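Data file: target-v5.txt. Format and content: compact mmCIF, C-alpha atoms.
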```txt
# COMPACT_ATOMS: atom_id res chain seq x y z
CA MET A 1 9.26 3.10 19.39
CA SER A 2 7.16 6.18 20.05
CA PHE A 3 3.83 7.33 18.73
CA VAL A 4 2.59 10.90 18.40
CA TRP A 5 -1.18 11.24 18.42
CA LYS A 6 -2.87 14.29 16.91
CA TYR A 7 -5.93 14.05 19.13
CA GLY A 8 -6.39 13.95 22.87
CA ILE A 9 -7.17 10.55 24.36
CA VAL A 10 -8.38 9.21 27.70
CA GLU A 11 -6.39 6.33 29.13
CA GLU A 12 -8.22 3.07 29.51
CA GLU A 13 -8.70 2.14 33.19
CA SER A 14 -8.39 -1.61 32.58
CA TRP A 15 -6.44 -3.41 35.34
CA ARG A 16 -4.24 -5.01 32.67
CA PHE A 17 -3.00 -1.68 31.39
CA ARG A 18 -2.42 -0.35 34.91
CA ALA A 19 -0.48 -3.52 35.77
CA ALA A 20 1.56 -3.16 32.57
CA GLU A 21 2.54 0.39 33.58
CA TYR A 22 3.59 -0.79 37.05
CA LEU A 23 5.69 -3.55 35.50
CA LYS A 24 7.38 -1.05 33.21
CA GLY A 25 8.39 0.96 36.27
CA ILE A 26 9.70 -2.17 38.00
CA THR A 27 11.60 -3.10 34.82
CA ALA A 28 13.25 0.33 34.75
CA LEU A 29 14.24 -0.09 38.42
CA MET A 30 15.69 -3.54 37.71
CA LEU A 31 17.71 -2.12 34.82
CA ILE A 32 19.19 0.52 37.12
CA LEU A 33 20.00 -2.13 39.75
CA TRP A 34 21.73 -4.27 37.10
CA LEU A 35 23.61 -1.27 35.68
CA PHE A 36 25.01 -0.36 39.11
CA ARG A 37 25.36 -3.94 40.32
CA GLY A 38 29.04 -3.37 41.13
CA PRO A 39 28.67 -0.52 43.65
CA LEU A 40 25.54 -2.22 45.02
CA LYS A 41 27.47 -5.49 45.46
CA LEU A 42 24.96 -7.42 43.31
CA GLU A 43 27.50 -8.93 40.89
CA LYS A 44 26.69 -12.50 41.90
CA TYR A 45 23.03 -11.86 41.04
CA SER A 46 23.80 -10.35 37.61
CA GLU A 47 22.37 -13.18 35.50
CA TYR A 48 19.27 -13.49 37.70
CA LEU A 49 18.62 -9.75 37.28
CA VAL A 50 18.87 -10.09 33.47
CA TYR A 51 16.46 -13.05 33.49
CA ALA A 52 14.05 -11.05 35.64
CA ILE A 53 14.25 -8.02 33.31
CA ILE A 54 13.54 -10.19 30.25
CA GLY A 55 10.58 -11.80 32.01
CA LEU A 56 9.19 -8.40 32.98
CA ILE A 57 9.59 -7.12 29.39
CA PHE A 58 7.46 -9.95 28.01
CA ALA A 59 4.97 -9.56 30.87
CA PHE A 60 4.22 -5.86 30.30
CA GLU A 61 4.13 -6.29 26.50
CA LEU A 62 1.55 -9.10 26.79
CA LEU A 63 -0.49 -7.19 29.36
CA SER A 64 -0.52 -4.18 27.00
CA VAL A 65 -2.18 -6.13 24.16
CA GLY A 66 -5.36 -4.32 23.17
CA ARG A 67 -4.28 -0.87 24.38
CA TRP A 68 -4.39 0.55 20.85
CA LEU A 69 -5.39 -2.22 18.47
CA GLY A 70 -7.87 -4.42 20.35
CA VAL A 71 -7.16 -7.94 21.63
CA THR A 72 -6.49 -10.14 18.61
CA LEU A 73 -4.33 -13.17 17.93
CA SER A 74 -2.04 -11.09 15.75
CA GLY A 75 -1.82 -8.53 18.58
CA ILE A 76 -0.49 -11.22 20.93
CA ILE A 77 2.05 -12.32 18.32
CA PHE A 78 3.19 -8.72 17.88
CA ALA A 79 3.56 -8.38 21.67
CA LEU A 80 5.89 -11.39 21.65
CA ALA A 81 7.77 -9.84 18.71
CA LYS A 82 8.21 -6.59 20.63
CA GLY A 83 9.37 -8.47 23.71
CA SER A 84 11.96 -10.31 21.61
CA PHE A 85 13.06 -7.02 20.05
CA TRP A 86 13.66 -5.26 23.40
CA THR A 87 15.41 -8.38 24.65
CA SER A 88 17.75 -8.37 21.64
CA LEU A 89 18.65 -4.72 22.36
CA LEU A 90 19.33 -5.51 26.03
CA LEU A 91 21.57 -8.47 25.16
CA PHE A 92 23.33 -6.67 22.30
CA PHE A 93 24.29 -3.53 24.24
CA GLY A 94 24.80 -5.46 27.48
CA LYS A 95 28.06 -6.96 26.22
CA TRP A 96 29.67 -3.49 26.49
CA LEU A 97 28.49 -3.36 30.10
CA LYS A 98 30.24 -6.61 31.05
CA MET A 99 27.19 -8.84 30.64
CA SER A 100 27.93 -12.53 30.76
CA GLY A 101 28.98 -13.85 27.33
CA SER A 102 26.60 -16.79 27.74
CA LEU A 103 23.74 -14.25 27.68
CA SER A 104 24.93 -11.59 25.21
CA GLN A 105 25.65 -14.22 22.54
CA HIS A 106 21.88 -14.75 22.17
CA ALA A 107 21.22 -11.17 20.99
CA GLY A 108 21.11 -12.21 17.33
CA THR A 109 18.76 -15.10 18.09
CA ALA A 110 16.39 -12.80 19.99
CA PHE A 111 16.35 -10.32 17.10
CA ALA A 112 15.67 -13.13 14.61
CA TYR A 113 12.70 -14.20 16.76
CA ALA A 114 11.44 -10.60 16.69
CA VAL A 115 11.51 -10.47 12.88
CA VAL A 116 9.93 -13.92 12.38
CA LEU A 117 7.19 -13.26 14.95
CA ALA A 118 6.45 -9.87 13.37
CA ILE A 119 6.06 -11.49 9.95
CA ALA A 120 3.82 -14.16 11.50
CA GLY A 121 1.75 -11.34 12.99
CA ILE A 122 1.25 -9.84 9.54
CA LEU A 123 0.02 -13.15 8.18
CA LEU A 124 -2.31 -13.71 11.13
CA ALA A 125 -3.66 -10.15 10.94
CA LYS A 126 -5.70 -11.21 7.87
CA PHE A 127 -7.70 -13.58 10.08
CA ASP A 128 -8.24 -10.88 12.68
CA GLU A 129 -9.74 -8.30 10.29
CA LYS A 130 -13.36 -9.14 11.03
CA LYS A 131 -12.75 -8.80 14.80
CA LEU A 132 -11.11 -5.39 14.67
CA ASP A 133 -12.94 -2.45 16.16
CA ILE A 134 -13.06 0.44 13.70
CA LYS A 135 -15.39 3.18 14.88
CA VAL A 136 -16.69 6.42 13.38
CA GLU A 137 -16.86 9.02 16.14
CA LYS A 138 -19.97 11.03 16.93
CA LYS A 139 -18.07 14.22 16.17
CA ALA A 140 -18.21 16.30 13.02
CA TYR A 141 -15.91 18.93 11.54
CA GLU A 142 -16.39 21.25 8.59
CA PHE A 143 -14.91 19.90 5.36
CA SER A 144 -13.84 22.21 2.52
CA GLY A 145 -11.34 20.08 0.59
CA ALA A 146 -7.93 18.51 1.10
CA ASP A 147 -4.64 18.61 -0.82
CA PHE A 148 -2.43 15.50 -1.02
CA GLY A 149 -0.10 16.72 -3.78
CA ASP A 150 -1.03 14.98 -7.05
CA VAL A 151 -4.36 13.97 -5.44
CA LYS A 152 -6.90 16.53 -4.29
CA LEU A 153 -10.36 16.40 -2.74
CA ARG A 154 -12.80 19.15 -3.67
CA GLY A 155 -16.18 19.99 -2.21
CA SER A 156 -17.86 20.74 1.09
CA GLY A 157 -19.63 18.92 3.87
CA LYS A 158 -18.84 17.31 7.20
CA ALA A 159 -15.85 15.12 8.12
CA TYR A 160 -16.17 12.52 10.89
CA PRO A 161 -12.99 11.08 12.52
CA VAL A 162 -12.48 7.30 12.36
CA LYS A 163 -10.57 5.55 15.15
CA PHE A 164 -9.08 2.11 15.63
CA GLY A 165 -9.08 1.62 19.38
CA ARG A 166 -7.97 5.10 20.43
CA LYS A 167 -5.81 5.85 17.41
CA SER A 168 -7.14 8.17 14.67
CA ILE A 169 -6.77 6.41 11.31
CA GLY A 170 -8.94 8.37 8.89
CA TRP A 171 -12.14 10.25 8.14
CA VAL A 172 -15.58 9.68 6.65
CA ILE A 173 -17.00 12.59 4.64
CA ASP A 174 -20.67 13.41 4.20
CA GLY A 175 -21.26 16.00 1.51
CA ASP A 176 -20.56 17.01 -2.07
CA VAL A 177 -17.12 15.53 -2.82
CA SER A 178 -15.03 15.02 -5.96
CA VAL A 179 -11.47 13.76 -6.40
CA GLU A 180 -8.80 14.94 -8.84
CA ALA A 181 -5.64 12.99 -9.66
CA GLU A 182 -2.83 14.03 -11.99
CA THR A 183 -1.59 11.12 -14.14
CA PRO A 184 0.54 10.78 -17.30
CA LEU A 185 -2.80 10.22 -19.10
CA GLY A 186 -3.97 13.62 -17.90
CA ARG A 187 -6.16 14.71 -15.02
CA VAL A 188 -8.66 12.13 -13.80
CA THR A 189 -11.72 13.70 -12.13
CA LYS A 190 -14.51 11.78 -10.45
CA ARG A 191 -17.49 12.95 -8.46
CA LEU A 192 -17.85 10.64 -5.49
CA LEU A 193 -20.97 9.18 -3.94
CA THR A 194 -21.19 9.99 -0.23
CA PRO A 195 -20.18 8.61 2.26
CA VAL A 196 -16.48 8.72 1.36
CA ALA A 197 -13.74 7.20 3.54
CA VAL A 198 -10.28 8.81 3.56
CA TRP A 199 -7.65 6.62 5.22
CA THR A 200 -4.97 9.10 6.26
CA GLY A 201 -3.37 10.37 9.44
CA GLU A 202 -3.59 13.97 8.20
CA ARG A 203 -6.22 16.25 9.59
CA ILE A 204 -8.76 17.23 6.92
CA GLY A 205 -11.51 18.58 9.17
CA GLY A 206 -11.87 22.25 10.05
CA LYS A 207 -14.02 23.80 12.75
CA LYS A 208 -16.21 21.58 14.86
CA THR A 209 -19.85 21.40 13.78
CA SER A 210 -23.00 19.50 14.73
CA PRO A 211 -22.93 15.76 13.83
CA ASP A 212 -25.72 13.70 12.29
CA PRO A 213 -26.32 10.70 14.61
CA GLY A 214 -28.18 8.81 11.89
CA PHE A 215 -25.24 9.18 9.48
CA VAL A 216 -22.78 7.99 12.14
CA ALA A 217 -24.88 4.91 12.89
CA ARG A 218 -25.13 4.05 9.19
CA VAL A 219 -21.45 4.44 8.31
CA ASN A 220 -20.29 2.51 11.38
CA GLY A 221 -21.79 -0.53 9.70
CA LEU A 222 -20.02 0.31 6.42
CA VAL A 223 -16.42 0.65 7.63
CA ASN A 224 -16.00 -2.81 9.16
CA PRO A 225 -13.22 -4.78 7.40
CA GLU A 226 -15.37 -7.86 6.72
CA ARG A 227 -17.84 -5.81 4.65
CA LEU A 228 -15.17 -3.74 2.89
CA TYR A 229 -13.28 -6.77 1.57
CA ARG A 230 -15.97 -9.45 1.58
CA GLY A 231 -16.06 -11.52 -1.61
CA ARG A 232 -12.55 -10.55 -2.68
CA LYS A 233 -10.44 -13.70 -2.90
CA LYS A 234 -7.26 -11.66 -3.17
CA SER A 235 -7.06 -7.90 -3.02
CA SER A 236 -3.86 -6.24 -4.21
CA VAL A 237 -4.68 -3.13 -2.16
CA ILE A 238 -5.95 -3.20 1.42
CA ASP A 239 -6.19 -0.05 3.49
CA LEU A 240 -7.87 0.05 6.88
CA GLY A 241 -5.90 2.97 8.27
CA PHE A 242 -3.86 0.83 10.68
CA LEU A 243 -3.21 -1.98 8.15
CA LYS A 244 -1.88 -1.03 4.72
CA VAL A 245 -1.04 -3.47 1.91
CA TYR A 246 -0.14 -2.52 -1.66
CA GLU A 247 0.92 -5.05 -4.29
CA GLY A 248 1.94 -3.72 -7.70
CA GLU A 249 4.15 -4.90 -10.51
CA GLY A 250 7.59 -5.42 -8.96
CA PHE A 251 6.49 -3.70 -5.74
CA GLU A 252 5.09 -4.90 -2.42
CA TYR A 253 4.39 -2.73 0.61
CA VAL A 254 3.02 -3.82 4.00
CA LYS A 255 2.71 -1.56 7.01
CA LEU A 256 1.49 -2.31 10.53
CA PRO A 257 2.15 -0.38 13.76
CA PHE A 258 5.28 -2.40 14.59
CA ILE A 259 6.63 -3.42 11.20
CA GLU A 260 7.01 -2.14 7.65
CA VAL A 261 8.06 -4.32 4.71
CA ILE A 262 9.05 -2.92 1.29
CA GLU A 263 10.08 -5.09 -1.66
CA THR A 264 11.12 -3.56 -4.99
CA PRO A 265 13.26 -4.73 -7.95
CA GLY A 266 16.18 -2.80 -6.40
CA GLY A 267 16.05 -4.60 -3.06
CA GLU A 268 14.11 -5.17 0.14
CA GLU A 269 13.77 -3.43 3.49
CA VAL A 270 12.21 -4.62 6.74
CA ARG A 271 11.67 -2.11 9.53
CA VAL A 272 11.08 -3.50 13.00
CA GLY A 273 10.69 -0.58 15.39
CA PRO A 274 13.71 1.71 14.90
CA ILE A 275 15.78 -1.10 13.33
CA HIS A 276 16.06 -1.21 9.51
CA ILE A 277 17.24 -4.34 7.70
CA ARG A 278 18.06 -3.53 4.08
CA GLU A 279 19.20 -5.70 1.20
CA GLY A 280 20.11 -3.92 -2.03
CA LYS A 281 18.77 -0.44 -2.76
CA PRO A 282 14.97 -0.50 -2.56
CA SER A 283 13.07 2.62 -3.58
CA ILE A 284 11.40 3.83 -0.39
CA PRO A 285 7.99 5.52 -0.91
CA ARG A 286 7.78 9.07 0.36
CA GLY A 287 4.95 9.96 2.69
CA GLU A 288 2.05 7.96 4.07
CA MET A 289 -0.06 5.60 1.98
CA LEU A 290 -3.38 7.34 1.21
CA THR A 291 -6.69 5.76 0.20
CA ILE A 292 -9.93 7.50 -0.82
CA ARG A 293 -12.88 5.13 -1.13
CA GLU A 294 -16.61 5.27 -1.72
CA LEU A 295 -18.25 3.14 0.97
CA THR A 296 -21.34 2.26 -1.06
CA ASN A 297 -19.89 2.20 -4.58
CA GLY A 298 -16.89 0.80 -6.45
CA PHE A 299 -14.45 3.72 -6.55
CA GLN A 300 -11.13 3.46 -4.71
CA LEU A 301 -7.96 5.54 -5.15
CA THR A 302 -4.73 4.59 -3.39
CA LYS A 303 -1.45 6.54 -3.47
CA VAL A 304 1.86 5.31 -2.03
CA GLY A 305 4.94 7.32 -3.01
CA ASP A 306 4.86 7.90 -6.78
CA ARG A 307 2.52 4.95 -7.29
CA LEU A 308 -1.17 5.52 -7.82
CA ARG A 309 -4.02 3.06 -8.38
CA ILE A 310 -7.57 4.05 -9.29
CA GLN A 311 -10.25 1.36 -9.34
CA THR A 312 -13.87 1.76 -10.45
CA ASP A 313 -16.57 -0.63 -11.60
CA GLU A 314 -15.72 0.23 -15.23
CA TYR A 315 -11.92 0.59 -15.32
CA SER A 316 -8.67 0.67 -13.37
CA ILE A 317 -5.57 2.86 -13.74
CA GLU A 318 -2.21 2.03 -12.19
CA VAL A 319 0.61 4.60 -12.29
CA ASP A 320 4.24 3.88 -11.48
CA GLY A 321 6.21 7.04 -12.16
CA GLU A 322 5.89 7.62 -15.91
CA ARG A 323 4.48 4.13 -16.55
CA VAL A 324 0.70 3.74 -16.75
CA ILE A 325 -1.53 0.70 -17.15
CA TYR A 326 -5.21 1.25 -17.99
CA ARG A 327 -7.61 -1.72 -17.93
CA SER A 328 -11.26 -1.92 -18.87
CA GLY A 329 -12.82 -5.37 -19.25
CA ASN A 330 -10.56 -7.41 -21.54
CA GLU A 331 -8.99 -4.24 -22.96
CA SER A 332 -5.79 -2.66 -21.68
CA LEU A 333 -3.44 0.20 -22.46
CA SER A 334 0.14 0.33 -21.18
CA LEU A 335 2.20 3.52 -21.50
CA GLY A 336 5.90 3.78 -20.72
CA GLU A 337 9.09 3.10 -22.61
CA THR A 338 6.88 0.74 -24.63
CA VAL A 339 3.26 1.56 -25.51
CA SER A 340 0.94 -1.42 -25.73
CA LEU A 341 -2.76 -1.61 -26.62
CA ARG A 342 -4.60 -4.94 -26.24
CA SER A 343 -8.13 -6.25 -26.67
CA GLY A 344 -8.68 -9.98 -27.01
CA ASP A 345 -6.94 -11.10 -30.22
CA VAL A 346 -6.01 -7.51 -31.09
CA SER A 347 -2.74 -5.92 -29.94
CA VAL A 348 -0.60 -2.98 -30.99
CA THR A 349 2.83 -2.42 -29.45
CA VAL A 350 5.20 0.47 -30.15
CA GLY A 351 8.64 0.74 -28.59
CA ARG A 352 11.92 2.45 -29.33
CA GLY A 353 12.62 1.60 -32.96
CA ARG A 354 10.12 -1.25 -33.12
CA ALA A 355 6.42 -1.90 -33.56
CA LYS A 356 4.04 -4.85 -33.79
CA ILE A 357 0.42 -4.98 -34.93
CA ARG A 358 -1.69 -8.12 -34.49
CA ILE A 359 -5.33 -8.51 -35.45
CA GLU A 360 -6.82 -12.00 -35.79
CA ASP A 361 -4.44 -13.95 -38.08
CA VAL A 362 -2.59 -10.89 -39.40
CA VAL A 363 0.71 -9.88 -37.77
CA ILE A 364 2.87 -6.96 -38.92
CA SER A 365 6.16 -6.28 -37.13
CA ALA A 366 8.93 -3.73 -37.70
CA ARG A 367 12.34 -4.02 -36.09
CA GLU A 368 15.91 -3.01 -36.93
CA GLY A 369 14.88 -1.51 -40.29
CA ARG A 370 13.04 -4.67 -41.44
CA VAL A 371 9.32 -5.46 -41.75
CA LYS A 372 7.78 -8.92 -41.43
CA ILE A 373 4.21 -9.70 -42.44
CA ARG A 374 2.24 -12.84 -41.66
CA ALA A 375 -1.16 -13.09 -43.33
CA GLY A 376 -3.24 -15.85 -44.87
CA GLY A 377 -0.83 -18.50 -43.62
CA ARG A 378 2.14 -16.94 -45.48
CA THR A 379 5.09 -14.87 -44.25
CA TYR A 380 6.67 -11.95 -46.14
CA ALA A 381 9.78 -9.88 -45.41
CA VAL A 382 10.42 -6.30 -46.51
CA GLU A 383 13.79 -4.59 -46.03
CA GLU A 384 12.90 -1.16 -47.36
CA PRO A 385 13.57 1.76 -44.90
CA GLU A 386 10.40 3.49 -46.13
CA ALA A 387 8.29 0.42 -45.27
CA TYR A 388 9.88 0.23 -41.82
CA ARG A 389 9.16 3.90 -41.11
CA LEU A 390 5.61 3.47 -42.44
CA VAL A 391 4.81 0.66 -39.98
CA ILE A 392 6.27 2.62 -37.03
CA SER A 393 4.29 5.72 -38.01
CA LYS A 394 0.98 3.86 -38.57
CA ALA A 395 1.36 1.92 -35.30
CA LYS A 396 1.80 5.19 -33.38
CA GLU A 397 -1.28 6.68 -35.08
CA ILE A 398 -3.38 3.64 -34.24
CA VAL A 399 -2.31 3.70 -30.58
CA GLU A 400 -3.01 7.43 -30.24
CA GLU A 401 -6.52 7.34 -31.69
CA GLN A 402 -7.53 4.07 -30.03
CA SER A 403 -6.11 5.14 -26.64
CA ALA A 404 -8.29 8.24 -26.63
CA GLU A 405 -11.39 6.11 -27.36
CA LEU A 406 -10.44 3.61 -24.65
CA ILE A 407 -9.79 6.19 -21.92
CA GLU A 408 -13.08 7.97 -22.70
CA GLY A 409 -14.87 4.68 -22.03
CA PHE A 410 -15.86 3.78 -25.60
CA GLY A 411 -13.48 0.83 -25.88
CA ILE A 412 -11.43 -0.15 -28.90
CA ASP A 413 -13.09 0.54 -32.27
CA ARG A 414 -12.36 -2.75 -34.02
CA THR A 415 -13.96 -1.59 -37.29
CA ARG A 416 -11.67 1.43 -37.55
CA LEU A 417 -8.69 -0.65 -36.42
CA SER A 418 -9.38 -3.29 -39.07
CA ARG A 419 -9.66 -0.58 -41.71
CA ARG A 420 -6.35 0.94 -40.58
CA VAL A 421 -4.58 -2.42 -40.73
CA LYS A 422 -6.02 -3.17 -44.19
CA GLU A 423 -4.82 0.21 -45.44
CA LEU A 424 -1.36 -0.52 -44.05
CA LEU A 425 -1.28 -3.97 -45.67
CA ASP A 426 -2.26 -2.48 -49.03
CA GLU A 427 0.59 0.03 -48.83
CA LEU A 428 3.10 -2.63 -47.76
CA MET A 429 2.12 -4.92 -50.63
CA LYS A 430 3.49 -2.28 -53.03
CA TYR A 431 6.97 -3.12 -51.69
CA LEU A 432 6.40 -6.83 -52.47
CA GLY A 433 5.85 -6.16 -56.13
```
Show this structure as structure tokens.
Amino acid sequence: MSFVWKYGIVEEESWRFRAAEYLKGITALMLILWLFRGPLKLEKYSEYLVYAIIGLIFAFELLSVGRWLGVTLSGIIFALAKGSFWTSLLLFFGKWLKMSGSLSQHAGTAFAYAVVLAIAGILLAKFDEKKLDIKVEKKAYEFSGADFGDVKLRGSGKAYPVKFGRKSIGWVIDGDVSVEAETPLGRVTKRLLTPVAVWTGERIGGKKTSPDPGFVARVNGLVNPERLYRGRKKSSVIDLGFLKVYEGEGFEYVKLPFIEVIETPGGEEVRVGPIHIREGKPSIPRGEMLTIRELTNGFQLTKVGDRLRIQTDEYSIEVDGERVIYRSGNESLSLGETVSLRSGDVSVTVGRGRAKIRIEDVVISAREGRVKIRAGGRTYAVEEPEAYRLVISKAKEIVEEQSAELIEGFGIDRTRLSRRVKELLDELMKYLG
């Protein structure tokens, strides 16, 4: 597994990392000795060489813990997972190089250990969040906007790189910033309160400019994971640049440096290093997961593939392709193949050839050319095509006008809705004689 860094780095001079590099060189030498064991007359030492190589692999992986991500319990578990992964490759391909069958038969077991340990590392990473070292650099670059496709940042100011260990994971912007996102509901625009964190590997800074030391000192206290997610019993979206979690309806996505897990209704995929384990046909998100977040306010936008989630103190919007769910308090609007509007004991649903209106103890439903009415403890049935079309038409009108009010932040107008339902009931009663 290889990493490509966009920014220059200075190698840590820790003795552990130097020792790990020496062990890697010795491991490479041992591999060459084992590969040419025949000409070198080392056949009788073949198994001992393999055992030594495996031991060296685990040694340099454990000594390398903390090189990029800081020394954490999950980091140690991931080092063991990586050691198991390289071991599984050695044992798997070794059988074609006349490795002893008693060794090569354990390739599958070693790979299974790699997957299980990697999953354990994900679970343990949650406990390590507060110990992780995320740092805003004392460097500033000119900011004049950024384009992420359906999501755009407008404005001007200064962008400060954020690093996790020595890896660049995002930016913090100081300036006049607004975000635009295209959704099936239309364009959502929000002016953001600085400072704004942008968790992305893309470069959004321009020319280098003079930093503000006071700003850097302040935001370094704002980007620590414990503060960002404190008080949230369960967050469906976590983005810290190096750790990305997104849970949506029928969709789960987890990404760490060594593993990526995707679960969709079509199937699942686990990526461990260059190895992909796939079951079914999961929809793989295109591009990197992006998050834009106010560090001192409640706005957060996250985009992964064609999924988008916008969260504010007043409302949330979740987009999955052409399907949209808007929530504000106890009110919600769902748009897709079926359109649904809900607020407490009020709900209006319109689908293909069907509709249902419910307000308090009144329920009106239309389906397959028939209309059913429940009101005042009694149930009525109407089988007139005109009545059926009337209910479908009125339900669509109600959803359209109430959706506009809801999205603009005014909430559902229960007085108007009640009047609409009463008018519909009066018209339907004509068909009951």
For the point (4.5, -14.5, 20.9) in the file's frame, write as a short mmCIF file (atom, residue, chain, number, x, y, z; two decimals) with C-alpha atoms, keeping the file's coordinate frame all residues with an atom no more than 10 Å away, counting only C-alpha atoms.
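Output file out18.cif is given in full below:
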```
data_model
loop_
_atom_site.label_atom_id
_atom_site.label_comp_id
_atom_site.auth_asym_id
_atom_site.auth_seq_id
_atom_site.Cartn_x
_atom_site.Cartn_y
_atom_site.Cartn_z
CA PHE A 58 7.46 -9.95 28.01
CA GLU A 61 4.13 -6.29 26.50
CA LEU A 62 1.55 -9.10 26.79
CA LEU A 73 -4.33 -13.17 17.93
CA SER A 74 -2.04 -11.09 15.75
CA GLY A 75 -1.82 -8.53 18.58
CA ILE A 76 -0.49 -11.22 20.93
CA ILE A 77 2.05 -12.32 18.32
CA PHE A 78 3.19 -8.72 17.88
CA ALA A 79 3.56 -8.38 21.67
CA LEU A 80 5.89 -11.39 21.65
CA ALA A 81 7.77 -9.84 18.71
CA LYS A 82 8.21 -6.59 20.63
CA GLY A 83 9.37 -8.47 23.71
CA SER A 84 11.96 -10.31 21.61
CA TYR A 113 12.70 -14.20 16.76
CA ALA A 114 11.44 -10.60 16.69
CA LEU A 117 7.19 -13.26 14.95
CA ALA A 118 6.45 -9.87 13.37
CA ALA A 120 3.82 -14.16 11.50
CA GLY A 121 1.75 -11.34 12.99
#
```
Which of A:Leu56, A:Ile412, A:Ile119, A:Leu153 sits closest to Glu180 of chain A [using all atoms listed in the file]:
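Answer, going by the shortest atom-to-atom distance: A:Leu153.
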Residue with the minimum atom-to-atom distance to Lys138 of chain A, picked from A:Val172, A:Ile373, A:Ile292, A:Ala107 with only C-alpha atoms counted, is A:Val172
Near-Val245 of chain A list (12 Å; all atoms listed in the file; drop same-chain fewer than 6 positions) as an MDAnalysis selection string:
chainID A and resid 122:123 125:126 234:239 251:256 260:263 289:291 302:304
Of the residues A:Met99, A:Ile57, A:Val179, A:Ile357, which is the one nearest to Trp34 of chain A, using all atoms listed in the file?
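Distance minimum relative to Trp34 of chain A lands on A:Met99.
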List the neighbours of Ser316 of chain A out to 9 Å using only C-alpha atoms; skip same-chain residues closer than 4 positions along the sequence, and give me the result as an MDAnalysis selection string.
chainID A and resid 309:312 325:328
Point-to-point distance from atom CA of Leu192 of chain A to atom CA of Gly329 of chain A, Å rounded to tenths:
21.7 Å
Counting all atoms listed in the file, I want the residues whose atoms come within 12 Å of (-7.6, 5.1, -30.0) in the file frame, returned as a PDB file with C-alpha atoms, keeping the file's coordinate frame.
```pdb
ATOM      1  CA  GLU A 331      -8.990  -4.240 -22.960  1.00  0.00           C
ATOM      2  CA  SER A 332      -5.790  -2.660 -21.680  1.00  0.00           C
ATOM      3  CA  LEU A 333      -3.440   0.200 -22.460  1.00  0.00           C
ATOM      4  CA  SER A 340       0.940  -1.420 -25.730  1.00  0.00           C
ATOM      5  CA  LEU A 341      -2.760  -1.610 -26.620  1.00  0.00           C
ATOM      6  CA  ARG A 342      -4.600  -4.940 -26.240  1.00  0.00           C
ATOM      7  CA  SER A 343      -8.130  -6.250 -26.670  1.00  0.00           C
ATOM      8  CA  VAL A 348      -0.600  -2.980 -30.990  1.00  0.00           C
ATOM      9  CA  ALA A 395       1.360   1.920 -35.300  1.00  0.00           C
ATOM     10  CA  LYS A 396       1.800   5.190 -33.380  1.00  0.00           C
ATOM     11  CA  GLU A 397      -1.280   6.680 -35.080  1.00  0.00           C
ATOM     12  CA  ILE A 398      -3.380   3.640 -34.240  1.00  0.00           C
ATOM     13  CA  VAL A 399      -2.310   3.700 -30.580  1.00  0.00           C
ATOM     14  CA  GLU A 400      -3.010   7.430 -30.240  1.00  0.00           C
ATOM     15  CA  GLU A 401      -6.520   7.340 -31.690  1.00  0.00           C
ATOM     16  CA  GLN A 402      -7.530   4.070 -30.030  1.00  0.00           C
ATOM     17  CA  SER A 403      -6.110   5.140 -26.640  1.00  0.00           C
ATOM     18  CA  ALA A 404      -8.290   8.240 -26.630  1.00  0.00           C
ATOM     19  CA  GLU A 405     -11.390   6.110 -27.360  1.00  0.00           C
ATOM     20  CA  LEU A 406     -10.440   3.610 -24.650  1.00  0.00           C
ATOM     21  CA  ILE A 407      -9.790   6.190 -21.920  1.00  0.00           C
ATOM     22  CA  GLU A 408     -13.080   7.970 -22.700  1.00  0.00           C
ATOM     23  CA  GLY A 409     -14.870   4.680 -22.030  1.00  0.00           C
ATOM     24  CA  PHE A 410     -15.860   3.780 -25.600  1.00  0.00           C
ATOM     25  CA  GLY A 411     -13.480   0.830 -25.880  1.00  0.00           C
ATOM     26  CA  ILE A 412     -11.430  -0.150 -28.900  1.00  0.00           C
ATOM     27  CA  ASP A 413     -13.090   0.540 -32.270  1.00  0.00           C
ATOM     28  CA  ARG A 414     -12.360  -2.750 -34.020  1.00  0.00           C
ATOM     29  CA  THR A 415     -13.960  -1.590 -37.290  1.00  0.00           C
ATOM     30  CA  ARG A 416     -11.670   1.430 -37.550  1.00  0.00           C
ATOM     31  CA  LEU A 417      -8.690  -0.650 -36.420  1.00  0.00           C
ATOM     32  CA  ARG A 420      -6.350   0.940 -40.580  1.00  0.00           C
TER      33      ARG A 420
END
```
Rounded to one decimal in Å, what is the spacing between atom CA of Ile204 of chain A and atom CA of Gly157 of chain A?
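Answer for the atom CA of Ile204 of chain A to atom CA of Gly157 of chain A separation: 11.4 Å.
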